[in-house]
Each structure stands twice: as structure tokens, then as C-alpha cells.
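Asks: To be precise about what I am sending: the file is called my_file.cif and holds mmCIF, C-alpha atoms.
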data_run
loop_
_atom_site.group_PDB
_atom_site.id
_atom_site.type_symbol
_atom_site.label_atom_id
_atom_site.label_comp_id
_atom_site.auth_asym_id
_atom_site.auth_seq_id
_atom_site.Cartn_x
_atom_site.Cartn_y
_atom_site.Cartn_z
ATOM 1 C CA MET A 20 123.301 117.720 120.046
ATOM 2 C CA THR A 21 122.498 121.409 119.462
ATOM 3 C CA ILE A 22 120.267 122.754 116.705
ATOM 4 C CA ARG A 23 121.257 126.246 115.501
ATOM 5 C CA GLY A 24 119.291 128.458 113.138
ATOM 6 C CA GLU A 25 115.707 129.379 112.360
ATOM 7 C CA LEU A 26 112.917 126.962 113.231
ATOM 8 C CA SER A 27 109.481 127.680 111.738
ATOM 9 C CA GLY A 28 106.320 125.793 110.919
ATOM 10 C CA LYS A 29 102.577 125.381 111.329
ATOM 11 C CA GLU A 30 102.467 122.235 113.472
ATOM 12 C CA ASP A 31 102.662 121.848 117.257
ATOM 13 C CA LEU A 32 106.201 121.074 118.416
ATOM 14 C CA TYR A 33 107.763 119.417 121.479
ATOM 15 C CA LEU A 34 111.434 120.290 122.145
ATOM 16 C CA ASP A 35 113.566 118.450 124.666
ATOM 17 C CA GLY A 36 117.100 119.292 123.535
ATOM 18 C CA MET A 37 119.338 122.285 122.848
ATOM 19 C CA VAL A 38 118.158 124.927 120.367
ATOM 20 C CA GLU A 39 119.822 128.251 119.511
ATOM 21 C CA GLY A 40 118.439 130.865 117.101
ATOM 22 C CA THR A 41 114.815 131.798 116.443
ATOM 23 C CA ILE A 42 111.587 129.827 116.707
ATOM 24 C CA SER A 43 108.499 130.955 114.800
ATOM 25 C CA LEU A 44 105.286 128.941 115.183
ATOM 26 C CA PRO A 45 102.659 131.745 115.194
ATOM 27 C CA GLU A 46 99.700 129.381 114.694
ATOM 28 C CA SER A 47 100.925 126.531 116.892
ATOM 29 C CA ARG A 48 101.821 125.358 120.388
ATOM 30 C CA LEU A 49 105.415 124.897 121.461
ATOM 31 C CA THR A 50 106.257 122.731 124.457
ATOM 32 C CA VAL A 51 109.748 123.115 125.921
ATOM 33 C CA GLY A 52 110.444 119.856 127.733
ATOM 34 C CA PRO A 53 112.199 119.474 131.109
ATOM 35 C CA ASN A 54 115.562 118.622 129.513
ATOM 36 C CA ALA A 55 115.432 121.472 126.985
ATOM 37 C CA ARG A 56 117.824 124.416 126.866
ATOM 38 C CA VAL A 57 116.517 127.012 124.409
ATOM 39 C CA LEU A 58 118.523 130.149 123.590
ATOM 40 C CA ALA A 59 116.169 131.765 121.107
ATOM 41 C CA ASP A 60 113.614 134.464 120.502
ATOM 42 C CA ILE A 61 110.268 132.689 120.308
ATOM 43 C CA GLU A 62 107.042 133.616 118.499
ATOM 44 C CA VAL A 63 104.179 131.157 119.028
ATOM 45 C CA HIS A 64 100.464 130.972 119.619
ATOM 46 C CA ASP A 65 100.749 128.977 122.878
ATOM 47 C CA LEU A 66 103.818 128.019 124.897
ATOM 48 C CA ILE A 67 104.319 125.512 127.704
ATOM 49 C CA VAL A 68 107.718 125.603 129.436
ATOM 50 C CA TYR A 69 109.122 122.859 131.662
ATOM 51 C CA GLY A 70 112.803 123.531 130.869
ATOM 52 C CA HIS A 71 115.072 126.540 130.353
ATOM 53 C CA VAL A 72 114.402 129.377 127.897
ATOM 54 C CA GLU A 73 116.672 132.369 127.363
ATOM 55 C CA GLY A 74 115.302 134.921 124.904
ATOM 56 C CA ASN A 75 112.284 137.093 124.291
ATOM 57 C CA ILE A 76 108.902 135.378 123.984
ATOM 58 C CA ARG A 77 105.831 136.625 122.107
ATOM 59 C CA ALA A 78 102.638 134.548 122.239
ATOM 60 C CA GLY A 79 99.299 135.315 120.621
ATOM 61 C CA GLY A 80 97.570 133.099 123.183
ATOM 62 C CA ARG A 81 98.657 131.560 126.479
ATOM 63 C CA ILE A 82 102.029 130.953 128.116
ATOM 64 C CA GLU A 83 102.292 128.359 130.879
ATOM 65 C CA LEU A 84 105.416 128.253 133.051
ATOM 66 C CA ARG A 85 105.425 124.925 134.857
ATOM 67 C CA GLU A 86 107.111 124.239 138.201
ATOM 68 C CA SER A 87 110.538 123.444 136.714
ATOM 69 C CA ALA A 88 110.551 126.346 134.189
ATOM 70 C CA VAL A 89 113.355 128.907 134.088
ATOM 71 C CA VAL A 90 112.839 131.864 131.736
ATOM 72 C CA LYS A 91 115.281 134.734 131.166
ATOM 73 C CA GLY A 92 113.837 137.314 128.789
ATOM 74 C CA ASP A 93 110.852 139.518 128.134
ATOM 75 C CA ILE A 94 107.373 138.018 127.706
ATOM 76 C CA VAL A 95 104.464 139.439 125.699
ATOM 77 C CA ALA A 96 101.251 137.377 125.728
ATOM 78 C CA GLU A 97 97.493 137.564 126.145
ATOM 79 C CA ARG A 98 97.502 135.186 129.141
ATOM 80 C CA LEU A 99 100.200 133.931 131.504
ATOM 81 C CA SER A 100 100.124 131.087 134.023
ATOM 82 C CA ILE A 101 103.038 130.622 136.442
ATOM 83 C CA GLU A 102 103.210 127.593 138.719
ATOM 84 C CA GLU A 103 104.847 127.750 142.132
ATOM 85 C CA ASN A 104 108.676 127.483 141.946
ATOM 86 C CA ALA A 105 108.848 128.507 138.258
ATOM 87 C CA ARG A 106 111.436 131.250 137.769
ATOM 88 C CA ILE A 107 111.348 134.262 135.488
ATOM 89 C CA LYS A 108 113.714 137.190 134.985
ATOM 90 C CA GLY A 109 112.504 139.851 132.578
ATOM 91 C CA LYS A 110 109.597 142.116 131.773
ATOM 92 C CA VAL A 111 106.066 140.779 131.354
ATOM 93 C CA GLU A 112 103.457 142.504 129.203
ATOM 94 C CA LEU A 113 99.977 141.037 129.059
ATOM 95 C CA SER A 114 98.273 142.257 125.904
ATOM 96 C CA GLU A 115 94.606 143.183 126.025
ATOM 97 C CA VAL A 116 94.138 143.296 122.255
ATOM 98 C CA ALA A 117 91.467 140.591 122.125
ATOM 99 C CA ASP A 118 89.706 141.857 125.251
ATOM 100 C CA SER A 119 89.694 145.488 124.135
ATOM 101 C CA SER A 120 88.364 144.620 120.671
ATOM 102 C CA ARG A 121 85.531 142.651 122.293
ATOM 103 C CA ARG A 122 84.778 145.586 124.611
ATOM 104 C CA HIS A 123 84.780 147.904 121.614
ATOM 105 C CA LEU A 124 82.230 145.730 119.787
ATOM 106 C CA VAL A 125 79.994 145.595 122.866
ATOM 107 C CA ALA A 126 80.268 149.360 123.362
ATOM 108 C CA ASP A 127 79.376 149.957 119.695
ATOM 109 C CA SER A 128 76.334 147.706 119.934
ATOM 110 C CA LEU A 129 75.185 149.425 123.130
ATOM 111 C CA SER A 130 75.581 152.903 121.658
ATOM 112 C CA ALA A 131 73.804 152.061 118.376
ATOM 113 C CA PRO A 132 70.324 153.580 118.120
ATOM 114 C CA ALA A 133 67.507 151.143 118.793
ATOM 115 C CA HIS A 134 65.327 150.292 115.818
ATOM 116 C CA THR A 135 61.612 150.501 116.458
ATOM 117 C CA PRO A 136 59.083 148.919 114.140
ATOM 118 C CA ALA A 137 57.123 151.422 112.047
#
Show me this structure written as C-alpha cells.
Replies:
Amino acid sequence: MTIRGELSGKEDLYLDGMVEGTISLPESRLTVGPNARVLADIEVHDLIVYGHVEGNIRAGGRIELRESAVVKGDIVAERLSIEENARIKGKVELSEVADSSRRHLVADSLSAPAHTPA
């Protein structure tokens, strides 16, 4: 069986079949099981891949490519973990948005004038 279309939601999801289209779970974790074949652009918070994914991936958190993972497409994420023997073909961009905003807050607090009691 193949599911075609747009898949969206706010719950964690485990896929282990064929999906074509788009997947949008920006607040959730998607797990692509070892028997899965996904032909879709994916937007998630966290992604774990055991199976095959063909399409661009954008994650606000972490992407884990397990040993049996095969990914064809561009990846944008904050963190990426790739196990030995996982395969990837595409561009990888690791975003530093969270890190740079934290550095900015620390820099602002360090550059703020010290208050001395009167």
C-alpha cells in the first residue's frame, strides 16, 4: 500500500510503509522504519531514519541516520548523527540558530555595565 498526499500533525509518528508527498510534523518526532520508502519533503522537529528517504529534510532539532538509512536529498538541521554504513546523497546544512542566539545573549550580558550599590 502507498499513501499519497500531505501528512501533517502534532503527534510523534512511526512510518514503515510507502509514503509519497509531503510530511509536516514541526513539533514532533518522525521515525522512518526499516521497511519504509518515503518519497517526500519532510519538515519535523526530530527525525530518525532506518529506511529509505528521497526528498529534502528540514528539522528544528536532531536527525539520526541509523546504520540501514539511505537518504537522497538536502538536509537542514541543528544536529545530525550518522551511524556507520548509513548512506546520504545531498547537501547538509547544520543550522546554528539556537547556538548563535545563546551566544548573543551571553555576549549582551557580558557587555552590560555592572551595577554597583550606591
Asks: Taking the point (101.2, 125.1, 113.9) as given in the file, collect each protein or nucleic acid residue that comes within 6 Å of it, counting only C-alpha atoms, and present the set as a ChimeraX atom specification.
Replies: /A:28-31,44,46-47
Asks: For the selection you just gave me, I'd like the residues written to a file as an mmCIF file, in the frame of the given file, keeping C-alpha atoms.
Replies:
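What ended up in result24.cif:
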data_model
loop_
_atom_site.group_PDB
_atom_site.id
_atom_site.type_symbol
_atom_site.label_atom_id
_atom_site.label_comp_id
_atom_site.auth_asym_id
_atom_site.auth_seq_id
_atom_site.Cartn_x
_atom_site.Cartn_y
_atom_site.Cartn_z
ATOM 1 C CA GLY A 28 106.320 125.793 110.919
ATOM 2 C CA LYS A 29 102.577 125.381 111.329
ATOM 3 C CA GLU A 30 102.467 122.235 113.472
ATOM 4 C CA ASP A 31 102.662 121.848 117.257
ATOM 5 C CA LEU A 44 105.286 128.941 115.183
ATOM 6 C CA GLU A 46 99.700 129.381 114.694
ATOM 7 C CA SER A 47 100.925 126.531 116.892
#
Asks: Could you write out as a PyMOL selection string the residues that the PyMOL selection byres ((chain A and resi 54) around 9) matches in the shown file?
Replies: chain A and resi 34-37+51-53+55-56+69-71
Asks: What gap, in Å, lies between atom CA of Arg106 of chain A and atom CA of Lys91 of chain A?
Replies: 8.4 Å
Asks: Pick out the residues sitting within 8 Å of Glu86 of chain A, and hand them over as a PyMOL selection string; count all atoms listed in the file, and ignore anything fewer than 4 positions along from it in its own chain.
Replies: chain A and resi 69+101-105
Asks: For Leu66 of chain A, which of A:Ser87, A:Val38, A:Tyr33, A:Met20 is the closest residue, counting all atoms listed in the file?
Replies: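 Comparing A:Ser87, A:Val38, A:Tyr33, A:Met20 against Leu66 of chain A, the winner is A:Tyr33.
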Asks: When the PyMOL selection byres ((chain A and resi 107) around 9) is applied to the structure above, which residues does it catch, written out as a list in words?
Replies: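 Applied to this file, the PyMOL selection byres ((chain A and resi 107) around 9) returns Leu84, Ala88, Val89, Val90, Lys91, Gly92, Ala105, Arg106, Lys108, Gly109 and Lys110 of chain A.
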Asks: Take the residues just selected and output them with C-alpha atoms as a short mmCIF file (atom, residue, chain, number, x, y, z; two decimals), in the coordinates of the input.
Replies:
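Once everything was written out, this is result30.cif:
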data_model
loop_
_atom_site.label_atom_id
_atom_site.label_comp_id
_atom_site.auth_asym_id
_atom_site.auth_seq_id
_atom_site.Cartn_x
_atom_site.Cartn_y
_atom_site.Cartn_z
CA LEU A 84 105.42 128.25 133.05
CA ALA A 88 110.55 126.35 134.19
CA VAL A 89 113.36 128.91 134.09
CA VAL A 90 112.84 131.86 131.74
CA LYS A 91 115.28 134.73 131.17
CA GLY A 92 113.84 137.31 128.79
CA ALA A 105 108.85 128.51 138.26
CA ARG A 106 111.44 131.25 137.77
CA LYS A 108 113.71 137.19 134.99
CA GLY A 109 112.50 139.85 132.58
CA LYS A 110 109.60 142.12 131.77
#
Asks: Apply the PyMOL selection byres ((chain A and resi 59) around 12) to the file shown and report the selected residues as a VMD selection string.
Replies: chain A and resid 22 to 26 37 to 43 51 55 to 58 60 to 62 71 to 77 90 to 93
Asks: For segment 54-70 of chain A, what centre and edge lengths in Å (one decimal) does the axis-aligned box get once 8 Å is added on each side of all its listed atoms, as lines of an AutoDock Vina configuration file?
Replies:
center_x = 109.5
center_y = 126.5
center_z = 125.1
size_x = 34.1
size_y = 31.8
size_z = 29.2
Asks: Measure the distance from atom CA of Glu83 of chain A to atom CA of Val95 of chain A in Å and round it to one decimal.
Replies: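 Computing it gives 12.4 Å between the two atoms.
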Asks: Could you state the separation of atom CA of Ser114 of chain A and atom CA of Ile67 of chain A in Å, given to one decimal place?
Replies: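 Taking atom CA of Ser114 of chain A as the start and atom CA of Ile67 of chain A as the end point, the length is 17.9 Å.
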